[in-house]
Structures are given as structure tokens and as C-alpha cells.
Amino acid sequence: MDAVTNGYVERLLQGQGQLPASPLSWLNGLRAQALERANALTVPTTRDEDWRFTDLSPLYKAMLEPSSQAVPVDAAAIEPWLIPEADNRLVFVDGAFAADLSALRPETGVVIAPLASALKRHGDRVQAELGRLVPGVDDAFSAVNTAWLRDGAAVLVDGERDARRPIHLMFVSARAGAAVYPRALVVVGRGSRCMVIEDFVSIHQGAGLTNGVTEIHVGENASVRHIRLQRESAAAFHIATCGVRVARDGRYSGVSVSLGARISRYNLQVVQAGEGTDFQIDGLALVSGRQLADTHSFLDHALPHGRSRQLHKCVAGGAGHAVFNGKVLVRRGAQRTDSAQESRNLLLTERAHVDTKPQLEIFADDVKCAHGATVGQLDAEQVFYLRSRGLSDSSARDLLTFAFAAQIVERIALPSVVKRLEDVVRPKESKESR
Amino acid sequence: MDRSSLLQVRGLTATVAGVEILKGIDLTIQAGEVHAIMGPNGSGKSTFAKVLAGHPAYEVTGGDALFEGRDLLGMVPEERARAGLFLAFQYPVEVPGVTNSSFLRLAYNTVQGGRGRDELDPLEFDDYVQDKLKLLDIDPALLERSVNEGFSGGEKKRNEILQMAVLEPRLAILDEADSGLDIDALRIVANGVSQLRTPDNAVVLVTHYQRLLNYITPDYVHVMDQGRIIKTGDRELALELEGRGYDWVADEYRARQVA
């Protein structure tokens, strides 16, 4: 195992030296720093506490190479993933911006652009924020992402703007066997508002590594709705980190849905940078076959009057494995924190498996914090009730599973996405009844 | 065996967790009839109802049951429902996240499909269910809520009656549909049963009280005790039970067994 992991970071960094230098020296510096850090790190194994349940050895054994040239993708290939409500769309194919697949409806005060062009026109703004929220100096994957940093999505909203149109950031994996490094930066200034959908899709059935980093800055009294859809191929490896910083009276609401990938890991870190912030964090992971979906969240209440609500649900079928680790830290001085976290897990088969660990650490004395976790199977009385009304055993189970998952899906304020996701888990009506 | 009967049960025995609850039930129901099954708590009335609906917690250990000449006990619960058997639950189950309207339509179309009839699309179904609501005087707001979630006891029973009216079963078994109801709710239940009462259908009322029988006159009244039907009579028997309780029926039965 060690032999494999020791050389692994180097393998991921092969070819990084050929990256064309940016005219921006600070960006070259950011990369160089990350390269140095990555070289000093090893990738995690199950001996690391944070990766106990998530064995990445299948990833380490897979032969992957950096995506060197973009595979041509036509509009029809991404058609099934489009979100009609979101007419602002940036599409990246294997990490590279695809202008022909993207669509933009400019709004005053709202910059939606590939990072490369945002750097040209709003370089100072990007420089001030890029790389600040990549958590954990010991995380090899986000260091590797930054070392490869070349392009990505930039969303900048300023001047008390309400970016009414949802912004769809679509990261397409087009070539099996490629390692790609999606990157997104969202900066929403004081009193502004936006909704961003990060969407990870595959147009092949093969393996590949998506190693993404997202940074979201929520300004004072600003509001960001962040929808994250991971619907990559069932053979993919998906490792992503999202850092969120919320300033005074800011609101961050995130819904992450994990459907695809053989092994996926989502690290979400939300930090309170001012008083009176509000976090609403919802998650849904659906696993079947031999899939593993791991969500690690860390909500950092650092200042008074923060509120957080988190509901994470896992549905595990087949021999699937879902992992949830939800840490809530209430630091000394974060008085009047009001935090509630719930982890609810549904096991559909005997071979399915869930590991859930809510972790509440409180160092303030005047707080209201609650957390809970349940792991269970479908309720036999509910199944019988539905069957007594004519539904087959499998329809009854599908319907109850659907209802369990729908609670999260319905929190996505985009009807087309809700419908599409509901179709994934919806019972097949009365098809098999005849 | 008489294959023209709607339901014919012979020598039915059943256990739950190894304990025998039904100890040999015989019951024949013809189309067009209303039967009441009465008896003290723990007599096996509800178990009998659940066994007929195919509840998996109960194991049938003997006897047989024919539903329109078909082997009922060999069918899984959904086959029984599609064949036209309906159980109104004593304790209707809450199903959060599933709206009543979509559940009703799913159930309706499944049962219709099972009977080889056409399904209804959402608009057609809405017309159909609105008619039923009007007929039963049930608040349409019930449709938009999750199935039974947060319903009061009365609302739950009304919802069972609505499901029954929508599914139009050949044989409806109402398990304590009247317990815990105020007069208005009781009227809705009684009205629902009357609507269903045709020469082709039959109804079994499992009840602890005589009250419901003021609204629905049964053709037969059966008294259950310790897992058996120990006496069968007509409406007069129900009134007598109201006045005298159940003990005398059990005494009579024991005397007959000794003799």
C-alpha cells in the first residue's frame, strides 16, 4: 500500500511542469506554493482518521493521466443535463472552458466568466480571494488541484445586486481515464444575492478522477444558494473540497446531491466570519451497487449569534456504502449559537452499509445545539399499508425510498432539477402490476 | 365448498410470534351482505381482519379461505387488494413525504390495472376523486397533505373511507373504523359504507361498539371470543350485547362445548 501511495502525488503531478506560466506572477506563485505543499504530502489511506471508512486504493491503482487536450463535445451530448431555469451557464470539458457550450445573459454587477478572463478584467478581485478558502494545509488533493490551476469558473456579484438568474456551472468529464481539476470561485459582495449550481457530469461510462476545489465568499448580509449535483459515471472517482466563508449577517444555503461515482468524497467547510450568520446545509447521498459516497462537513461557529441547520440523508442500496461525518464546532465566544444537525440514513439491503458520525464540540456556554443520527430500514408497517392498497412490494419500497429522498430534493428551488432527481428515485408507477 | 360465495373461510388458524390467536374460524360471506364481527378486546377480531389482508406478521397455520373461489391465503397482500379486498386499518399508517392525492392515484391505477381496466391520468383522476370527496363530505384539503401525517384520529379514519371509496373493493373489511370518532366522523364512515353497499359487494365491520350499527344495519352479527366465532345472530344480537356484555355468550358457548 505504501509503495502505491508514496508515488501517487508525483503521478498526479506528472506533466504539471509543462503548464504554461501565467502572466500573473501571483498566480504562478500560488501554483508553485501548492506544488511544494503537494510534494510534501501523501495521499490519505484508511489509517488516517478522516479517511477511516473511505478506502481510496482502487483510485490509486487506476491508471489515470492528466487531461492534455480537450475532447470535442457537441451540444447534444450535454443536452440531458441542461437546467432550463439557469440560462447563465459556464461549461468546462475536462477542466477546460468550452465557450461554444456555454451561454451567458449579462446582468449589471454580475460577472460570470471563466477564471482566465476574470483574471484579465477583475484580477485584483480574484487575487484577493482565490486560494484563501482551500482548507487544510494537509490535504494533498486540494494542493494538487491548485498546482494544476489554470482555468475554472468565476462568479462575482457586487453592488447589492440580486443575480436573479441561477448560474449553472457544469463540469463535464468527457474522456475516460483522465484526471481533471475543476475549480470555482464565487464571491458575493455585501447585500448581494445569487444562486449557483455546480454540476458534475460524465458523458462516458468509464473511470476518471475529478478533483475539484470550490471557494465561496458570502459578504455581509449577502445570500448564496449553492446547489451541488454530483452525477458522474458509476466508475468515476470524485474528490472535492468546498470552502465557504460567511461574513456578518450573511446566509449560505447549500444542497448537495451525490448520485454518481464509484467512490466520492465531498469535504464542505463553512466558516463564520461575522456575527449573525445563517447556514442551511442539506445533503443527500444515494448509493447502490458497490458505490461509496462520503460527505465530511465542518461547520465552524466562531462568533456569536450564528445559526446552522443541517440535514444529511443517505440511501444505501445494493452493497453500497455511505459515510457522513458532520463536525460542528462552537468556539469559545460563539455565544448564542443555535445549531441543529440531523443525519438520517436508510438501508435498503442487508449488504448496504452506513457510517455516520455527528461530532459536536462546544466551547461556549450559552448555546443551543442539537444533533442526532438514525440508521434504519424501511418501516414494515408502512410497506404493508401500501401493499394493502395494491402497490407491489417493490413499488411500495420505491415509494417510501422516494419520499425519504424527496425531502432533500424538494429543497432545491429549481423545478426541472427537482423533477429530474425525483425521476431517479421515483417508483415506476404501476408498470409491473399487470 | 360453495364457490359462488364472495368469501368462504374454513377452520382458519393463525399465530403471531408463535402464539396462536385464531383458533379455527368459519365464516361465509355472500355478495350484498353486511357482517359485523364483535367481541371483547383480545378476542382476535383485528387479527382476523389483518390475516385476511395478508399482514406478514401473522402466520396462517391451518384452514383455508376462498375469495371469489380463489385461494386468498396463497396471494400476497397486493394481489388481494387488486382482487378487490380492502382493509380499513384500525391504526392507519403515516407515510411522510407522499401526498395523499398521488398515493390515491397510484393505488387506484394499480388496482384498476390489476382488474384489467383503464388507468386515469392526473386530470381524470382529480375529477374522479373530487366526486368521491363530495359524496362523502370530506374536505379536499386532505388530498394535499402527506398520507395520514399529522392527521387527527378522525381524519385518519375518514382517509381510510376515502381510499375505500376510491378503490371500490368487492369486499371491504373495516377494522374498528368507528372507535374514537365523534358523531360527524361516524356519519362519514357510515355514509361511506352505504355508498359501497351494492348487490355485488360486501362489507365486514369489525367493531367493539354497537353504535355504528345504528347507521348500518348488518345482516349478520358474529361474536368472537378467544380466536373463534362463538355465536352468530342478526341486528338484535348486537343490541343484546350492548345491554348484557359478552360474558353470557362465552358462558353459553362453553356450556355447548361441554354438552
# chains A, B, ... in the order shown; residues from 1 in each chain; ligands from 1

call {"tool": "residues_around", "arguments": {"residues": "segment 150-161 of chain B", "least_positions_apart": "5", "cutoff": "9 Å", "atoms": "only C-alpha atoms", "output": "VMD selection string"}}
result
chain B and resid 87 to 94 100 136 138 142 145 166 174 177 to 178 180 to 182 185 to 186 188 to 189 192 to 193

call {"tool": "write_last_selection", "arguments": {"atoms": "C-alpha atoms", "output": "short mmCIF file (atom, residue, chain, number, x, y, z; two decimals), in the first residue's frame"}}
result
data_model
loop_
_atom_site.label_atom_id
_atom_site.label_comp_id
_atom_site.auth_asym_id
_atom_site.auth_seq_id
_atom_site.Cartn_x
_atom_site.Cartn_y
_atom_site.Cartn_z
CA LEU B 87 -58.88 -3.39 4.80
CA ALA B 88 -59.59 -0.09 6.53
CA PHE B 89 -56.89 -0.04 9.21
CA GLN B 90 -57.63 0.38 12.88
CA TYR B 91 -54.44 2.44 13.09
CA PRO B 92 -53.78 3.93 9.64
CA VAL B 93 -50.08 4.29 8.96
CA GLU B 94 -48.43 7.69 8.41
CA ASN B 100 -52.45 11.70 -0.38
CA LEU B 136 -68.51 11.57 1.40
CA ILE B 138 -64.65 15.03 3.12
CA LEU B 142 -56.88 16.25 2.87
CA ARG B 145 -51.25 16.53 2.79
CA VAL B 166 -61.77 5.38 -4.49
CA LEU B 174 -63.37 -2.08 8.40
CA ALA B 177 -63.49 2.18 11.85
CA ASP B 178 -65.81 3.71 14.44
CA GLY B 180 -62.69 7.25 18.78
CA LEU B 181 -64.99 9.08 16.38
CA ASP B 182 -67.37 11.91 17.04
CA ALA B 185 -66.98 11.44 11.61
CA LEU B 186 -69.12 8.42 12.39
CA ILE B 188 -68.95 9.90 7.22
CA VAL B 189 -67.86 6.34 7.90
CA GLY B 192 -69.01 5.58 3.01
CA VAL B 193 -70.20 2.09 3.80
#

call {"tool": "residues_around", "arguments": {"residues": "segment 216-222 of chain A", "least_positions_apart": "6", "cutoff": "9 Å", "atoms": "only C-alpha atoms", "output": "list in words"}}
result
Glu129, Leu133, Glu160, Ala184, Leu185, Val186, Val187, Val188, Gly189, Arg190, Gly191, Ser192, Arg193, Cys194, Cys242, Gly243, Val244, Arg245, Val246, Ala247, Arg248, Asp249, Gly250, Arg251, Tyr252, Gly274 and Thr277 of chain A

call {"tool": "closest_atom_pairs", "arguments": {"of": "chain B", "to": "chain A", "cutoff": "7 Å", "atoms": "only C-alpha atoms", "output": "tab-separated table"}}
result
residue	atom	partner	partner_atom	distance
B:Ala53	CA	A:Ser388	CA	6.7
B:His55	CA	A:Phe384	CA	6.7
B:Pro77	CA	A:Ser388	CA	5.4
B:Glu78	CA	A:Gly390	CA	4.2
B:Glu79	CA	A:Gly390	CA	6.8
B:Ala81	CA	A:Gly390	CA	4.9
B:Arg82	CA	A:Gly390	CA	5.5
B:Val93	CA	A:Gln382	CA	6.1
B:Val95	CA	A:Gln382	CA	6.7
B:Pro96	CA	A:Ala403	CA	6.9
B:Gly97	CA	A:Ala403	CA	4.5
B:Val98	CA	A:Ala403	CA	5.8
B:Leu106	CA	A:Glu429	CA	6.5
B:Ala107	CA	A:Arg389	CA	5.6
B:Asn109	CA	A:Ser430	CA	6.8
B:Thr110	CA	A:Ser430	CA	5.1
B:Val111	CA	A:Gly390	CA	5.6
B:Gly113	CA	A:Arg434	CA	5.9
B:Gly114	CA	A:Arg434	CA	5.7

call {"tool": "write_last_selection", "arguments": {"atoms": "C-alpha atoms", "output": "compact mmCIF listing (two decimals), in the first residue's frame"}}
result
# COMPACT_ATOMS: atom_id res chain seq x y z
CA ALA B 53 -55.46 -8.72 4.24
CA HIS B 55 -50.30 -8.93 7.15
CA PRO B 77 -51.23 -8.56 0.05
CA GLU B 78 -51.19 -6.55 -3.18
CA GLU B 79 -52.82 -9.40 -5.10
CA ALA B 81 -56.07 -5.70 -2.93
CA ARG B 82 -56.12 -5.99 -6.72
CA VAL B 93 -50.08 4.29 8.96
CA VAL B 95 -46.40 7.96 5.22
CA PRO B 96 -44.49 11.27 5.34
CA GLY B 97 -43.40 12.71 2.01
CA VAL B 98 -46.08 11.00 -0.07
CA LEU B 106 -51.10 5.28 -7.69
CA ALA B 107 -53.23 2.86 -5.68
CA ASN B 109 -54.33 2.84 -11.13
CA THR B 110 -52.54 -0.20 -9.75
CA VAL B 111 -55.77 -1.80 -8.65
CA GLY B 113 -54.62 -2.30 -13.88
CA GLY B 114 -54.89 -5.47 -11.81

call {"tool": "residues_around", "arguments": {"residues": "Arg164 of chain A", "least_positions_apart": "5", "cutoff": "12 Å", "atoms": "only C-alpha atoms", "output": "list in words"}}
result
Glu85, Ala86, Asp87, Asn88, Arg105, Pro106, Glu107, Thr108, Gly109, Val110, Val157, Ser192, Arg193, Cys194, Met195, Val196, Ser223, Val224 and Arg225 of chain A

call {"tool": "write_last_selection", "arguments": {"atoms": "N, CA and C atoms", "output": "tab-separated table (two decimals), in the first residue's frame"}}
result
chain	number	residue	atom	x	y	z
A	85	GLU	N	-34.07	26.57	-16.13
A	85	GLU	CA	-34.21	27.78	-15.31
A	85	GLU	C	-32.91	28.57	-15.26
A	86	ALA	N	-31.79	27.92	-15.61
A	86	ALA	CA	-30.49	28.57	-15.47
A	86	ALA	C	-29.97	28.92	-16.86
A	87	ASP	N	-30.25	30.16	-17.32
A	87	ASP	CA	-29.79	30.49	-18.66
A	87	ASP	C	-28.40	31.10	-18.65
A	88	ASN	N	-27.81	31.22	-17.47
A	88	ASN	CA	-26.39	31.54	-17.40
A	88	ASN	C	-25.64	30.25	-17.15
A	105	ARG	N	-26.13	35.46	-20.14
A	105	ARG	CA	-27.01	36.61	-20.30
A	105	ARG	C	-26.53	37.65	-19.31
A	106	PRO	N	-25.74	38.60	-19.79
A	106	PRO	CA	-25.09	39.52	-18.85
A	106	PRO	C	-26.09	40.30	-18.01
A	107	GLU	N	-25.73	40.51	-16.76
A	107	GLU	CA	-26.52	41.34	-15.85
A	107	GLU	C	-25.56	42.34	-15.23
A	108	THR	N	-26.01	43.53	-15.02
A	108	THR	CA	-25.15	44.55	-14.42
A	108	THR	C	-24.70	44.10	-13.03
A	109	GLY	N	-23.43	44.28	-12.79
A	109	GLY	CA	-22.91	43.96	-11.47
A	109	GLY	C	-22.63	42.49	-11.26
A	110	VAL	N	-22.88	41.68	-12.26
A	110	VAL	CA	-22.68	40.24	-12.12
A	110	VAL	C	-21.64	39.78	-13.14
A	157	VAL	N	-20.39	38.84	-7.75
A	157	VAL	CA	-21.61	39.65	-7.70
A	157	VAL	C	-21.37	40.79	-6.72
A	192	SER	N	-25.57	41.39	-1.63
A	192	SER	CA	-25.92	40.81	-2.92
A	192	SER	C	-26.41	39.38	-2.74
A	193	ARG	N	-26.88	38.84	-3.86
A	193	ARG	CA	-27.53	37.54	-3.74
A	193	ARG	C	-27.33	36.76	-5.03
A	194	CYS	N	-27.10	35.46	-4.92
A	194	CYS	CA	-27.09	34.64	-6.13
A	194	CYS	C	-27.31	33.17	-5.82
A	195	MET	N	-27.59	32.46	-6.90
A	195	MET	CA	-27.77	31.01	-6.78
A	195	MET	C	-26.85	30.35	-7.79
A	196	VAL	N	-26.01	29.47	-7.29
A	196	VAL	CA	-25.04	28.80	-8.15
A	196	VAL	C	-25.28	27.29	-8.10
A	223	SER	N	-26.36	36.70	0.36
A	223	SER	CA	-27.00	35.39	0.42
A	223	SER	C	-26.58	34.55	-0.79
A	224	VAL	N	-26.14	33.35	-0.51
A	224	VAL	CA	-25.75	32.44	-1.60
A	224	VAL	C	-26.49	31.13	-1.43
A	225	ARG	N	-27.14	30.75	-2.52
A	225	ARG	CA	-27.72	29.40	-2.56
A	225	ARG	C	-26.82	28.58	-3.46

call {"tool": "residues_around", "arguments": {"residues": "Pro140 of chain B", "least_positions_apart": "3", "cutoff": "12 Å", "atoms": "only C-alpha atoms", "output": "PyMOL selection string"}}
result
chain B and resi 100-101+126-127+129-137+143-145+155+158-159+162

call {"tool": "closest_residue", "arguments": {"among": "A:Ser253, A:Thr146, A:Ser264, A:Gln18", "to": "Ile412 of chain A", "atoms": "only C-alpha atoms"}}
result
A:Ser253

call {"tool": "closest_residue", "arguments": {"among": "A:Leu90, A:Ala316, A:Leu421, A:Ala70", "to": "Val180 of chain A", "atoms": "only C-alpha atoms"}}
result
A:Ala70

call {"tool": "closest_residue", "arguments": {"among": "A:Trp26, A:Phe53, A:Trp81, A:Phe97", "to": "Arg420 of chain A", "atoms": "only C-alpha atoms"}}
result
A:Trp81

call {"tool": "decode", "arguments": {"residues": "segment 171-249 of chain B", "atoms": "C-alpha atoms", "output": "PDB file, in the first residue's frame"}}
result
ATOM      1  CA  LEU B 171     -65.122  -6.866   0.000  1.00  0.00           C
ATOM      2  CA  ALA B 172     -64.324  -4.128   2.497  1.00  0.00           C
ATOM      3  CA  ILE B 173     -63.206  -5.005   5.990  1.00  0.00           C
ATOM      4  CA  LEU B 174     -63.366  -2.076   8.404  1.00  0.00           C
ATOM      5  CA  ASP B 175     -61.297  -2.676  11.475  1.00  0.00           C
ATOM      6  CA  GLU B 176     -62.687  -0.569  14.319  1.00  0.00           C
ATOM      7  CA  ALA B 177     -63.494   2.176  11.852  1.00  0.00           C
ATOM      8  CA  ASP B 178     -65.811   3.709  14.442  1.00  0.00           C
ATOM      9  CA  SER B 179     -63.664   3.819  17.540  1.00  0.00           C
ATOM     10  CA  GLY B 180     -62.692   7.245  18.782  1.00  0.00           C
ATOM     11  CA  LEU B 181     -64.985   9.077  16.375  1.00  0.00           C
ATOM     12  CA  ASP B 182     -67.366  11.913  17.039  1.00  0.00           C
ATOM     13  CA  ILE B 183     -70.842  11.781  15.560  1.00  0.00           C
ATOM     14  CA  ASP B 184     -69.888  13.722  12.397  1.00  0.00           C
ATOM     15  CA  ALA B 185     -66.983  11.438  11.613  1.00  0.00           C
ATOM     16  CA  LEU B 186     -69.122   8.422  12.387  1.00  0.00           C
ATOM     17  CA  ARG B 187     -71.685   9.624   9.835  1.00  0.00           C
ATOM     18  CA  ILE B 188     -68.947   9.898   7.217  1.00  0.00           C
ATOM     19  CA  VAL B 189     -67.860   6.339   7.899  1.00  0.00           C
ATOM     20  CA  ALA B 190     -71.448   5.096   7.805  1.00  0.00           C
ATOM     21  CA  ASN B 191     -72.128   7.054   4.645  1.00  0.00           C
ATOM     22  CA  GLY B 192     -69.014   5.578   3.014  1.00  0.00           C
ATOM     23  CA  VAL B 193     -70.197   2.092   3.799  1.00  0.00           C
ATOM     24  CA  SER B 194     -73.685   2.807   2.441  1.00  0.00           C
ATOM     25  CA  GLN B 195     -72.182   4.109  -0.813  1.00  0.00           C
ATOM     26  CA  LEU B 196     -70.270   0.897  -1.209  1.00  0.00           C
ATOM     27  CA  ARG B 197     -73.219  -1.271  -0.405  1.00  0.00           C
ATOM     28  CA  THR B 198     -74.394  -2.823  -3.653  1.00  0.00           C
ATOM     29  CA  PRO B 199     -75.664  -6.300  -4.520  1.00  0.00           C
ATOM     30  CA  ASP B 200     -72.165  -7.108  -5.835  1.00  0.00           C
ATOM     31  CA  ASN B 201     -70.144  -6.027  -2.813  1.00  0.00           C
ATOM     32  CA  ALA B 202     -69.953  -6.966   0.811  1.00  0.00           C
ATOM     33  CA  VAL B 203     -68.777  -5.291   3.995  1.00  0.00           C
ATOM     34  CA  VAL B 204     -67.355  -6.635   7.236  1.00  0.00           C
ATOM     35  CA  LEU B 205     -67.475  -4.290  10.194  1.00  0.00           C
ATOM     36  CA  VAL B 206     -65.114  -5.275  12.956  1.00  0.00           C
ATOM     37  CA  THR B 207     -66.256  -3.268  15.938  1.00  0.00           C
ATOM     38  CA  HIS B 208     -66.260  -3.053  19.638  1.00  0.00           C
ATOM     39  CA  TYR B 209     -69.362  -0.915  19.828  1.00  0.00           C
ATOM     40  CA  GLN B 210     -72.917  -1.225  18.718  1.00  0.00           C
ATOM     41  CA  ARG B 211     -73.056   2.477  17.826  1.00  0.00           C
ATOM     42  CA  LEU B 212     -72.015   2.151  14.171  1.00  0.00           C
ATOM     43  CA  LEU B 213     -74.748  -0.436  13.705  1.00  0.00           C
ATOM     44  CA  ASN B 214     -77.320   2.287  14.380  1.00  0.00           C
ATOM     45  CA  TYR B 215     -76.317   3.665  10.993  1.00  0.00           C
ATOM     46  CA  ILE B 216     -75.606   0.472   9.112  1.00  0.00           C
ATOM     47  CA  THR B 217     -77.872  -2.472   9.645  1.00  0.00           C
ATOM     48  CA  PRO B 218     -75.888  -5.669   9.425  1.00  0.00           C
ATOM     49  CA  ASP B 219     -77.339  -8.859   8.010  1.00  0.00           C
ATOM     50  CA  TYR B 220     -75.288 -10.922  10.421  1.00  0.00           C
ATOM     51  CA  VAL B 221     -73.650 -10.232  13.739  1.00  0.00           C
ATOM     52  CA  HIS B 222     -70.857 -12.571  14.851  1.00  0.00           C
ATOM     53  CA  VAL B 223     -69.366 -12.692  18.299  1.00  0.00           C
ATOM     54  CA  MET B 224     -65.701 -13.595  18.545  1.00  0.00           C
ATOM     55  CA  ASP B 225     -64.021 -14.841  21.660  1.00  0.00           C
ATOM     56  CA  GLN B 226     -60.607 -16.407  22.144  1.00  0.00           C
ATOM     57  CA  GLY B 227     -59.952 -16.768  18.456  1.00  0.00           C
ATOM     58  CA  ARG B 228     -63.259 -18.291  17.432  1.00  0.00           C
ATOM     59  CA  ILE B 229     -66.680 -17.158  16.274  1.00  0.00           C
ATOM     60  CA  ILE B 230     -68.821 -18.422  19.094  1.00  0.00           C
ATOM     61  CA  LYS B 231     -72.210 -17.042  18.151  1.00  0.00           C
ATOM     62  CA  THR B 232     -73.926 -15.652  15.092  1.00  0.00           C
ATOM     63  CA  GLY B 233     -77.152 -13.727  15.027  1.00  0.00           C
ATOM     64  CA  ASP B 234     -78.714 -10.649  13.471  1.00  0.00           C
ATOM     65  CA  ARG B 235     -79.038  -6.986  14.458  1.00  0.00           C
ATOM     66  CA  GLU B 236     -80.920  -7.987  17.620  1.00  0.00           C
ATOM     67  CA  LEU B 237     -77.819  -9.784  18.886  1.00  0.00           C
ATOM     68  CA  ALA B 238     -75.818  -6.560  18.694  1.00  0.00           C
ATOM     69  CA  LEU B 239     -78.415  -4.765  20.805  1.00  0.00           C
ATOM     70  CA  GLU B 240     -78.415  -7.580  23.290  1.00  0.00           C
ATOM     71  CA  LEU B 241     -74.611  -7.411  23.541  1.00  0.00           C
ATOM     72  CA  GLU B 242     -74.860  -3.689  24.187  1.00  0.00           C
ATOM     73  CA  GLY B 243     -77.157  -4.346  27.117  1.00  0.00           C
ATOM     74  CA  ARG B 244     -75.678  -7.536  28.551  1.00  0.00           C
ATOM     75  CA  GLY B 245     -71.999  -7.532  27.601  1.00  0.00           C
ATOM     76  CA  TYR B 246     -70.145 -10.542  26.214  1.00  0.00           C
ATOM     77  CA  ASP B 247     -69.802 -12.887  29.176  1.00  0.00           C
ATOM     78  CA  TRP B 248     -73.128 -14.641  28.719  1.00  0.00           C
ATOM     79  CA  VAL B 249     -72.254 -15.510  25.119  1.00  0.00           C
TER      80      VAL B 249
END
